[in-house]
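Next comes input29.txt, a file with compact mmCIF, C-alpha atoms.
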```txt
# COMPACT_ATOMS: atom_id res chain seq x y z
CA MET A 1 6.45 74.61 50.69
CA SER A 2 4.19 71.59 50.90
CA PHE A 3 2.26 72.65 47.80
CA LEU A 4 5.35 72.89 45.59
CA PRO A 5 5.14 69.40 43.96
CA PHE A 6 1.49 69.97 43.10
CA ALA A 7 2.29 73.40 41.70
CA VAL A 8 5.02 71.90 39.52
CA ALA A 9 2.60 69.21 38.28
CA ALA A 10 0.03 71.87 37.35
CA TRP A 11 2.75 73.96 35.69
CA LEU A 12 3.96 70.98 33.63
CA LEU A 13 0.40 70.28 32.50
CA LEU A 14 -0.20 73.89 31.44
CA VAL A 15 3.18 74.44 29.80
CA GLY A 16 2.82 71.14 27.92
CA LEU A 17 -0.62 72.17 26.68
CA TYR A 18 0.82 75.53 25.60
CA GLY A 19 3.39 73.61 23.56
CA VAL A 20 0.69 71.44 21.99
CA VAL A 21 -1.43 74.46 21.06
CA THR A 22 1.36 76.51 19.55
CA SER A 23 3.29 73.64 17.98
CA ARG A 24 4.40 73.95 14.36
CA HIS A 25 5.85 70.46 14.06
CA LEU A 26 4.21 67.12 14.79
CA VAL A 27 7.25 65.62 16.55
CA HIS A 28 7.45 68.70 18.75
CA LEU A 29 3.74 68.31 19.45
CA ILE A 30 4.19 64.68 20.51
CA LEU A 31 7.04 65.62 22.85
CA CYS A 32 4.83 68.31 24.39
CA LEU A 33 2.16 65.68 24.97
CA GLY A 34 4.86 63.70 26.80
CA ILE A 35 5.39 66.71 29.08
CA VAL A 36 1.65 66.82 29.79
CA GLN A 37 1.83 63.17 30.79
CA ALA A 38 4.91 63.80 32.93
CA SER A 39 2.71 66.04 35.07
CA THR A 40 0.54 63.03 35.88
CA TYR A 41 3.56 61.02 37.05
CA LEU A 42 4.61 63.83 39.32
CA LEU A 43 1.10 64.30 40.66
CA LEU A 44 0.69 60.58 41.42
CA LEU A 45 4.06 60.29 43.13
CA ALA A 46 3.54 63.51 45.08
CA ILE A 47 0.18 62.27 46.37
CA GLY A 48 1.68 59.05 47.71
CA TYR A 49 4.69 60.66 49.38
CA LEU A 50 5.13 60.30 53.10
CA HIS A 51 7.55 62.46 55.09
CA ALA A 52 10.50 60.33 56.22
CA GLY A 53 8.88 57.34 54.52
CA ARG A 54 11.09 54.68 53.00
CA ALA A 55 10.69 53.11 49.59
CA PRO A 56 8.08 50.32 49.79
CA ILE A 57 10.77 47.68 49.29
CA PHE A 58 11.31 45.72 52.44
CA VAL A 59 14.89 44.65 51.98
CA GLY A 60 17.02 45.65 54.94
CA ILE A 61 14.11 47.39 56.65
CA THR A 62 11.52 45.65 58.76
CA VAL A 63 7.88 45.40 57.79
CA GLY A 64 6.02 48.16 59.55
CA THR A 65 8.59 50.86 58.81
CA PRO A 66 6.68 53.86 57.43
CA ALA A 67 6.92 53.66 53.64
CA VAL A 68 5.52 55.77 50.82
CA ASP A 69 2.34 54.59 49.14
CA PRO A 70 3.07 51.71 46.74
CA VAL A 71 -0.28 51.87 44.92
CA VAL A 72 0.36 55.21 43.23
CA GLN A 73 3.86 54.04 42.28
CA ALA A 74 2.38 51.00 40.54
CA LEU A 75 -0.09 53.32 38.80
CA THR A 76 2.80 55.52 37.68
CA LEU A 77 4.45 52.50 36.08
CA THR A 78 1.24 51.85 34.14
CA ASP A 79 1.16 55.51 33.19
CA VAL A 80 4.71 55.40 31.84
CA VAL A 81 3.96 52.32 29.72
CA VAL A 82 0.83 53.92 28.28
CA GLU A 83 2.76 57.10 27.50
CA ALA A 84 5.39 55.09 25.63
CA THR A 85 2.83 53.27 23.52
CA VAL A 86 0.89 56.44 22.75
CA SER A 87 4.07 58.23 21.68
CA ALA A 88 5.11 55.33 19.46
CA LEU A 89 1.75 55.22 17.70
CA LEU A 90 1.61 59.00 17.30
CA LEU A 91 5.12 59.07 15.84
CA ALA A 92 4.09 56.41 13.32
CA ILE A 93 1.07 58.52 12.38
CA ALA A 94 3.32 61.57 12.07
CA LEU A 95 5.50 59.62 9.63
CA GLN A 96 2.44 58.77 7.59
CA VAL A 97 1.28 62.38 7.60
CA ASP A 98 4.69 63.37 6.27
CA ARG A 99 4.34 60.83 3.46
CA ARG A 100 0.81 61.80 2.53
CA PHE A 101 0.99 65.57 2.84
CA GLY A 102 4.70 66.29 2.56
CA THR A 103 4.60 68.44 5.70
CA VAL A 104 4.59 67.98 9.46
CA ASP A 105 3.19 71.40 10.32
CA PRO A 106 -0.27 70.82 11.84
CA ASP A 107 -1.54 74.15 10.44
CA ALA A 108 -0.37 73.39 6.91
CA ILE A 109 -2.13 70.02 7.03
CA ARG A 110 -5.39 71.74 7.86
CA GLU A 111 -4.92 74.10 4.94
CA LEU A 112 -4.39 71.20 2.57
CA ARG A 113 -7.66 69.63 3.64
CA GLY A 114 -9.46 72.90 2.94
CA MET B 1 -5.54 84.86 18.26
CA ARG B 2 -4.85 81.25 19.11
CA THR B 3 -2.53 82.23 21.94
CA TRP B 4 -5.28 84.38 23.44
CA LEU B 5 -7.77 81.56 23.20
CA PHE B 6 -5.27 79.30 24.90
CA LEU B 7 -4.57 81.80 27.66
CA VAL B 8 -8.27 82.10 28.48
CA ALA B 9 -8.75 78.33 28.46
CA ALA B 10 -5.55 77.82 30.46
CA ALA B 11 -6.66 80.32 33.08
CA VAL B 12 -9.92 78.42 33.54
CA LEU B 13 -8.09 75.10 33.64
CA ALA B 14 -5.56 76.47 36.14
CA ALA B 15 -8.37 77.61 38.40
CA VAL B 16 -9.97 74.16 38.29
CA LEU B 17 -6.58 72.54 38.92
CA VAL B 18 -5.82 74.72 41.92
CA ASP B 19 -9.26 73.99 43.31
CA GLY B 20 -8.80 70.26 42.79
CA LEU B 21 -5.25 70.10 44.09
CA ALA B 22 -6.19 72.10 47.18
CA GLY B 23 -8.52 69.27 48.16
CA LEU B 24 -5.70 66.73 48.24
CA PRO B 25 -4.03 65.70 51.48
CA SER B 26 -1.05 67.96 52.06
CA PHE B 27 2.27 66.80 50.63
CA GLY B 28 3.99 64.18 52.75
CA HIS B 29 0.95 63.32 54.84
CA PHE B 30 -0.87 60.83 52.65
CA HIS B 31 -2.43 57.90 54.45
CA GLY B 32 -4.03 55.78 51.78
CA VAL B 33 -5.63 52.74 53.35
CA ASP B 34 -4.74 50.42 50.47
CA GLY B 35 -1.12 51.44 50.35
CA LEU B 36 -0.63 51.23 54.11
CA THR B 37 -2.29 47.81 54.24
CA LEU B 38 -0.21 46.48 51.35
CA ASP B 39 2.99 47.84 52.92
CA HIS B 40 2.18 45.70 55.96
CA VAL B 41 0.82 42.48 54.50
CA THR B 42 2.65 41.95 51.21
CA VAL B 43 5.84 40.40 52.56
CA ARG B 44 3.90 37.99 54.75
CA GLN B 45 1.12 37.26 52.26
CA ARG B 46 3.06 37.00 48.99
CA HIS B 47 6.68 36.61 50.14
CA ALA B 48 7.67 39.47 47.81
CA THR B 49 9.86 42.23 49.20
CA ASP B 50 9.12 44.75 46.42
CA VAL B 51 5.55 45.79 47.15
CA ILE B 52 5.18 47.68 43.85
CA THR B 53 5.95 44.57 41.80
CA ALA B 54 3.59 42.54 43.97
CA ILE B 55 0.83 45.06 43.28
CA ASN B 56 1.48 45.05 39.55
CA PHE B 57 1.69 41.30 39.07
CA ASP B 58 -0.62 40.05 41.77
CA TYR B 59 -3.04 42.43 43.48
CA ARG B 60 -3.58 44.37 40.25
CA GLY B 61 -2.62 41.49 37.96
CA LEU B 62 -5.65 41.89 35.75
CA ASP B 63 -4.90 45.58 35.11
CA THR B 64 -1.36 44.69 34.18
CA MET B 65 -2.70 42.19 31.68
CA GLY B 66 -4.66 45.03 30.09
CA GLU B 67 -1.57 47.22 30.17
CA GLU B 68 0.46 44.50 28.50
CA PHE B 69 -2.13 44.17 25.76
CA ILE B 70 -2.16 47.93 25.24
CA LEU B 71 1.53 47.65 24.44
CA PHE B 72 0.88 44.60 22.28
CA ALA B 73 -1.92 46.29 20.34
CA SER B 74 0.04 49.48 19.88
CA SER B 75 3.10 47.68 18.50
CA VAL B 76 0.91 45.68 16.12
CA GLY B 77 -0.87 48.85 15.06
CA LEU B 78 2.44 50.56 14.47
CA VAL B 79 3.68 47.69 12.32
CA VAL B 80 0.48 47.80 10.27
CA LEU B 81 0.73 51.58 9.84
CA LEU B 82 4.36 51.56 8.78
CA ARG B 83 4.47 48.41 6.68
CA GLU B 84 1.55 49.47 4.55
CA GLN B 85 3.49 52.54 3.47
CA ARG B 86 6.66 50.63 3.00
CA SER B 87 5.17 48.26 0.46
CA ASP B 88 4.63 51.24 -1.88
CA ARG B 89 8.14 52.45 -1.22
CA ARG B 90 9.82 49.11 -1.78
CA GLN B 91 8.75 49.24 -5.40
CA ASP B 92 10.64 52.50 -5.97
CA ALA B 93 13.63 51.44 -3.94
CA ARG B 94 14.10 48.26 -5.93
CA ASP B 95 14.92 50.19 -9.10
CA GLY B 96 17.14 52.68 -7.26
CA PRO B 97 20.79 52.33 -6.25
CA ALA B 98 21.97 49.79 -3.71
CA PRO B 99 21.19 50.61 -0.06
CA PRO B 100 23.79 53.00 1.36
CA GLY B 101 25.90 52.44 4.41
CA GLY B 102 26.44 48.75 3.69
CA ASP B 103 30.11 48.96 4.57
CA ALA B 104 30.08 52.30 6.33
CA ARG B 105 30.66 50.74 9.74
CA ASP B 106 32.77 52.71 12.12
CA PRO B 107 35.12 50.09 13.63
CA LEU B 108 34.99 51.68 17.08
CA LEU B 109 31.19 51.74 17.07
CA ALA B 110 31.07 48.15 15.90
CA LEU B 111 33.42 47.17 18.73
CA VAL B 112 31.25 48.91 21.32
CA GLY B 113 28.21 47.23 19.83
CA ARG B 114 29.76 43.79 19.89
CA TRP B 115 31.08 44.02 23.46
CA GLY B 116 28.29 46.13 24.88
CA VAL B 117 25.39 43.89 23.97
CA ALA B 118 26.18 40.96 26.27
CA PRO B 119 26.41 43.01 29.50
CA ILE B 120 23.19 44.81 28.57
CA ILE B 121 21.39 41.49 28.09
CA VAL B 122 22.71 40.18 31.42
CA LEU B 123 21.56 43.37 33.17
CA GLY B 124 18.16 43.07 31.52
CA ILE B 125 17.70 39.46 32.62
CA TYR B 126 18.82 40.43 36.13
CA ILE B 127 16.28 43.27 36.36
CA VAL B 128 13.47 41.11 34.93
CA THR B 129 14.05 38.22 37.32
CA HIS B 130 14.67 40.25 40.48
CA GLY B 131 11.55 42.40 40.26
CA GLN B 132 9.93 40.70 43.24
CA LEU B 133 12.95 41.48 45.45
CA THR B 134 14.27 44.91 44.48
CA PRO B 135 13.17 47.71 42.14
CA GLY B 136 12.68 46.31 38.66
CA GLY B 137 10.48 43.76 37.01
CA GLY B 138 9.25 42.83 33.57
CA PHE B 139 8.56 46.30 32.21
CA GLN B 140 11.83 47.89 33.27
CA GLY B 141 13.99 44.87 32.43
CA GLY B 142 12.18 44.34 29.14
CA VAL B 143 13.11 47.82 28.00
CA ILE B 144 16.74 47.15 28.95
CA LEU B 145 16.67 43.92 26.93
CA ALA B 146 15.23 45.81 23.98
CA SER B 147 18.01 48.38 24.31
CA ALA B 148 20.51 45.59 23.59
CA LEU B 149 18.96 45.26 20.15
CA ILE B 150 18.82 49.02 19.75
CA THR B 151 22.56 49.17 20.50
CA LEU B 152 23.12 46.64 17.71
CA LEU B 153 20.98 48.69 15.33
CA VAL B 154 22.78 51.93 16.12
CA THR B 155 26.29 50.53 15.92
CA SER B 156 25.94 48.34 12.85
CA GLY B 157 25.67 51.10 10.26
CA GLY B 158 23.22 50.46 7.45
CA ARG B 159 23.47 46.72 7.65
CA GLY B 160 21.69 46.00 10.90
CA PRO B 161 18.19 46.94 9.82
CA ARG B 162 18.49 44.68 6.77
CA THR B 163 19.70 41.64 8.65
CA ILE B 164 16.95 41.79 11.22
CA GLY B 165 14.52 42.74 8.50
CA ARG B 166 12.53 39.64 9.27
CA HIS B 167 10.87 40.52 12.53
CA GLY B 168 9.39 37.10 13.01
CA ALA B 169 11.57 36.40 16.04
CA LEU B 170 10.54 39.65 17.74
CA GLU B 171 6.90 39.05 16.98
CA ALA B 172 7.16 35.51 18.34
CA LEU B 173 8.82 36.83 21.51
CA GLU B 174 6.03 39.36 21.93
CA ALA B 175 3.31 36.80 21.35
CA LEU B 176 5.00 34.38 23.74
CA GLY B 177 5.03 37.05 26.44
CA ALA B 178 1.41 38.10 25.93
CA GLY B 179 0.16 34.52 25.63
CA GLY B 180 2.24 33.39 28.59
CA TYR B 181 0.57 35.95 30.84
CA VAL B 182 -2.88 34.68 29.94
CA ALA B 183 -1.70 31.06 30.22
CA ILE B 184 -0.44 31.65 33.77
CA GLY B 185 -3.77 33.31 34.55
CA VAL B 186 -5.72 30.34 33.19
CA ALA B 187 -3.44 27.95 35.07
CA GLY B 188 -4.80 29.56 38.23
CA ILE B 189 -8.29 28.41 37.22
CA ILE B 190 -7.01 24.91 36.43
CA ALA B 191 -5.40 24.82 39.88
CA GLY B 192 -8.90 25.28 41.28
CA LEU B 193 -8.55 28.98 42.13
CA GLN B 194 -9.46 32.17 40.27
CA PHE B 195 -8.01 33.68 37.10
CA LEU B 196 -4.54 35.11 37.81
CA SER B 197 -4.52 33.89 41.40
CA ASN B 198 -1.13 33.15 42.89
CA PHE B 199 -1.18 29.36 42.87
CA LEU B 200 2.54 28.54 42.84
CA PRO B 201 4.51 27.84 46.04
CA LEU B 202 5.58 31.15 47.56
CA GLY B 203 9.06 30.12 48.66
CA THR B 204 11.18 32.15 51.06
CA ALA B 205 10.82 35.92 50.98
CA GLY B 206 14.04 37.37 49.59
CA ALA B 207 14.99 34.30 47.56
CA LEU B 208 15.17 34.49 43.78
CA LEU B 209 12.50 31.85 43.25
CA SER B 210 9.94 33.29 45.62
CA SER B 211 6.52 34.93 45.59
CA GLY B 212 4.89 32.38 43.29
CA THR B 213 3.37 33.63 40.05
CA ILE B 214 4.67 37.17 40.57
CA THR B 215 8.08 36.03 39.33
CA SER B 216 6.68 34.09 36.38
CA LEU B 217 4.33 36.90 35.31
CA SER B 218 7.14 39.43 35.58
CA THR B 219 9.30 37.23 33.37
CA VAL B 220 6.71 36.81 30.61
CA VAL B 221 6.02 40.55 30.71
CA GLY B 222 9.77 41.06 30.29
CA LEU B 223 9.68 38.96 27.11
CA GLU B 224 6.66 40.82 25.81
CA VAL B 225 8.08 44.27 26.49
CA ALA B 226 11.49 43.38 25.03
CA GLY B 227 9.82 42.08 21.86
CA ALA B 228 7.41 45.00 21.53
CA ILE B 229 9.92 47.82 22.13
CA ALA B 230 12.55 46.19 19.91
CA LEU B 231 9.95 45.72 17.17
CA ILE B 232 8.80 49.35 17.42
CA VAL B 233 12.36 50.69 17.23
CA ALA B 234 13.33 48.31 14.42
CA GLU B 235 10.30 49.42 12.40
CA PHE B 236 11.24 53.08 12.82
CA VAL B 237 14.87 52.42 11.92
CA GLU B 238 13.79 50.62 8.76
CA GLN B 239 11.68 53.61 7.85
CA GLY B 240 14.81 55.72 8.00
CA ALA B 241 16.74 53.19 5.93
CA ASP B 242 13.99 53.07 3.32
CA SER B 243 13.58 56.79 2.93
CA GLY B 244 17.38 56.97 2.69
CA THR B 245 17.28 54.79 -0.40
CA ALA B 246 14.32 56.49 -1.97
CA ARG B 247 15.35 60.09 -1.51
```

Do you think you could lay out the structure here as structure tokens?
Amino acid sequence: MSFLPFAVAAWLLLVGLYGVVTSRHLVHLILCLGIVQASTYLLLLAIGYLHAGRAPIFVGITVGTPAVDPVVQALTLTDVVVEATVSALLLAIALQVDRRFGTVDPDAIRELRG
Amino acid sequence: MRTWLFLVAAAVLAAVLVDGLAGLPSFGHFHGVDGLTLDHVTVRQRHATDVITAINFDYRGLDTMGEEFILFASSVGLVVLLREQRSDRRQDARDGPAPPGGDARDPLLALVGRWGVAPIIVLGIYIVTHGQLTPGGGFQGGVILASALITLLVTSGGRGPRTIGRHGALEALEALGAGGYVAIGVAGIIAGLQFLSNFLPLGTAGALLSSGTITSLSTVVGLEVAGAIALIVAEFVEQGADSGTAR
């Protein structure tokens, strides 16, 4: 089952996109975008995994012990931070949309614009 | 109609994904040169036992500076977005009734808030300052520090948002963190090395004050993240408080 983590990452991406496309509420849409981004975390971490590898933290284990790849883990941390900032900004925009248009249904907003 | 369009597009995307993922090294057999090298040299070269933190605050220090400023810019943008609306609202709210929830504090919640905050802050400081040794660092610990303020907001009823209505302290904390990162980077140039080079004494691997600038950078990032996340949450909470008065 060595392909399973990659399959789950692809599934998360697609199911998140499905949520974005069919969303009827902006907050729901932003959460779905978070699921899309979760697929990238899983993909990064799955790429760097090493069978029987330890965490790349050399406390109590000697240097040279096989450890999982630390670079993708650092990238995942960056990814998480970016996701948090994107969500915060999008939620603020959603609030403003609610104030301006009185609705948070993406389809209704398009109708208002004409 | 839209679902059908999505299904077609998703099928194409899935095909591309499968094709791309099939080209990756099989799960559990990755041998990235950079990662393997860093696993071997970091403890000796930087005296940091957490390789991930060493990558973030040293080997990829410049990227992390960009990442920190993404957070900075986004929190500033959020404040601009939300405060602009609030200035219209304030006008209406001023004529309305007094803000609700002023005395609606649940005593049990207030107790949890009062006694819970100190341990959360201690944990946050611990995680921020031990990033070079064990899992943690500025980003993770900063969020924990921010959650101390969020606990106060949640447990103080309607009063909390008003009392910390002046976000000057949070903004100063954020600016201190962002500016501190750049200052440490510039200090590397002054020390005769490159921007963001690790110029401080490295100390003993495994000691709290070890790994040179990694520890200092992690600490200033902790300040920045704590300020930014707390500011973002406080702004959202105030939105709720304002619409509560206006509606």

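Ranking A:Leu50, A:Val68, A:Ala7, A:Val27 by their shortest atom-to-atom distance to chain B, with all atoms listed in the file included, puts A:Leu50 first.
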
Open item on the list: Given all atoms listed in the file as the basis, pick out the residue of A:Ile57, A:Leu95, A:Val15, A:Val104 nearest to chain B.
Closed with: A:Ile57

Open item on the list: Only residues of chain B matter here; which ones have an atom within 8 Å of chain A, counting all atoms listed in the file? Give them as a PyMOL selection string.
Closed with: chain B and resi 2-3+6+10+14+17-18+21+24-32+34-36+38-40+43+49-53+55-56+64+67+70-71+74-75+77-78+81-82+85+133-135+139+206+232+236

- [ ] For atom CA of B:Glu68 and atom CA of B:Thr129, quote the distance in Å rounded to one decimal.
- [x] 17.4 Å

Find the residues near B:Thr151: any atom within 10 Å, counting all atoms listed in the file, skip ones fewer than 5 places away on the same chain, and give them as a CSV table (one decimal) with C-alpha atoms, in the coordinates of the input.
```csv
chain,number,residue,atom,x,y,z
B,109,LEU,CA,31.2,51.7,17.1
B,110,ALA,CA,31.1,48.2,15.9
B,112,VAL,CA,31.2,48.9,21.3
B,113,GLY,CA,28.2,47.2,19.8
B,114,ARG,CA,29.8,43.8,19.9
B,116,GLY,CA,28.3,46.1,24.9
B,117,VAL,CA,25.4,43.9,24.0
B,120,ILE,CA,23.2,44.8,28.6
B,146,ALA,CA,15.2,45.8,24.0
B,156,SER,CA,25.9,48.3,12.8
```

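With all atoms listed in the file as the basis for measurement, A:Gly16 is the residue among A:Gly16, A:Leu42, A:Glu83, A:Val97 that approaches A:His28 most closely.
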
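Nearest-residue note for B:Gln194: choosing from B:Gly138, B:Gln239, B:Leu62, B:Ser218, the minimum distance belongs to B:Leu62, counting only C-alpha atoms.
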
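We find atom CA of B:Leu217 and atom CA of B:Gly136 to be spaced 13.0 Å apart.
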
Task: All residues 9 Å or closer to A:Asp105, all atoms listed in the file, same chain fewer than 4 positions away omitted, as a PyMOL selection string - done: chain A and resi 23-26+109-110

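With atom CA of B:Arg60 on one side and atom CA of B:Asn198 on the other, the separation reads 11.8 Å.
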
Task: For B:Ile121, the nearest of the candidates B:Ile189, B:Ala178, B:Leu152, B:Ala73, counting all atoms listed in the file - done: B:Leu152

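You can rank B:Thr37, B:Ser211, B:Ser147, B:Ser197 by their closest distance to B:Ala228 using all atoms listed in the file, and at the top of that list sits B:Ser147.
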
TODO: In the coordinate frame of the file, compute which residues have an atom within 8 Å of (11.2, 38.2, 41.9) when using all atoms listed in the file, and state them as number ranges by chain.
DONE: B: 48, 128-134, 137, 207-211, 214-215, 218

Where is the centre and how long are the edges: axis-aligned box on stretch 98-111 of chain A, 8 Å on each side, Å to one decimal, as lines of an AutoDock Vina configuration file:
```
center_x = -0.3
center_y = 67.5
center_z = 7.2
size_x = 26.1
size_y = 29.3
size_z = 25.3
```

Task: 12 Å contact set for B:Gly188, all atoms listed in the file, chain neighbours under 2 positions out, as a list in words - done: Asp58, Tyr181, Val182, Ala183, Ile184, Gly185, Val186, Ile190, Ala191, Gly192, Leu193, Gln194, Phe195, Leu196, Ser197, Asn198, Phe199, Leu200, Gly212 and Thr213 of chain B

Emit a file covering stretch 42-114 of chain A of the preceding structure with C-alpha atoms, as a compact mmCIF listing (two decimals), in the first residue's frame.
```txt
# COMPACT_ATOMS: atom_id res chain seq x y z
CA LEU A 42 0.15 15.39 3.40
CA LEU A 43 1.90 15.23 0.04
CA LEU A 44 5.01 17.00 1.35
CA LEU A 45 5.24 14.85 4.47
CA ALA A 46 4.58 11.65 2.52
CA ILE A 47 7.37 12.48 0.08
CA GLY A 48 9.92 12.92 2.86
CA TYR A 49 8.97 9.79 4.79
CA LEU A 50 11.56 7.10 5.30
CA HIS A 51 10.65 3.59 6.45
CA ALA A 52 11.85 3.10 10.04
CA GLY A 53 13.24 6.63 9.97
CA ARG A 54 13.26 8.65 13.16
CA ALA A 55 12.14 12.24 13.56
CA PRO A 56 14.99 14.56 12.51
CA ILE A 57 15.53 15.66 16.10
CA PHE A 58 18.76 14.31 17.44
CA VAL A 59 17.98 14.17 21.12
CA GLY A 60 18.60 10.72 22.53
CA ILE A 61 19.54 9.32 19.12
CA THR A 62 22.98 9.60 17.59
CA VAL A 63 23.70 11.60 14.47
CA GLY A 64 23.66 9.24 11.54
CA THR A 65 20.52 7.39 12.61
CA PRO A 66 18.23 7.23 9.56
CA ALA A 67 15.74 10.08 9.91
CA VAL A 68 12.91 11.36 7.73
CA ASP A 69 13.63 14.30 5.46
CA PRO A 70 13.69 17.56 7.45
CA VAL A 71 13.47 19.87 4.42
CA VAL A 72 9.90 18.94 3.49
CA GLN A 73 8.89 19.24 7.14
CA ALA A 74 10.23 22.80 7.23
CA LEU A 75 8.34 23.49 3.99
CA THR A 76 5.17 22.11 5.58
CA LEU A 77 5.56 24.57 8.44
CA THR A 78 5.75 27.40 5.90
CA ASP A 79 2.71 25.96 4.17
CA VAL A 80 0.70 25.92 7.41
CA VAL A 81 1.58 29.55 8.16
CA VAL A 82 0.58 30.65 4.67
CA GLU A 83 -2.69 28.75 4.95
CA ALA A 84 -3.48 30.50 8.23
CA THR A 85 -2.84 33.95 6.79
CA VAL A 86 -4.82 33.24 3.64
CA SER A 87 -7.77 31.98 5.67
CA ALA A 88 -7.68 35.03 7.94
CA LEU A 89 -7.68 37.45 5.02
CA LEU A 90 -10.41 35.54 3.17
CA LEU A 91 -12.60 35.49 6.28
CA ALA A 92 -12.17 39.26 6.61
CA ILE A 93 -13.21 39.66 2.97
CA ALA A 94 -16.19 37.37 3.59
CA LEU A 95 -17.25 39.65 6.45
CA GLN A 96 -17.03 42.63 4.13
CA VAL A 97 -19.05 40.84 1.46
CA ASP A 98 -21.72 40.17 4.06
CA ARG A 99 -21.80 43.88 4.94
CA ARG A 100 -21.91 45.09 1.37
CA PHE A 101 -24.26 42.57 -0.20
CA GLY A 102 -26.15 41.19 2.79
CA THR A 103 -25.45 37.62 1.68
CA VAL A 104 -22.61 35.11 1.84
CA ASP A 105 -23.85 32.87 -0.97
CA PRO A 106 -21.30 33.18 -3.81
CA ASP A 107 -24.04 32.64 -6.43
CA ALA A 108 -26.28 35.34 -5.00
CA ILE A 109 -23.38 37.80 -5.05
CA ARG A 110 -22.89 37.18 -8.74
CA GLU A 111 -26.57 37.80 -9.36
CA LEU A 112 -26.41 41.11 -7.54
CA ARG A 113 -23.57 42.27 -9.75
CA GLY A 114 -25.62 41.41 -12.83
```
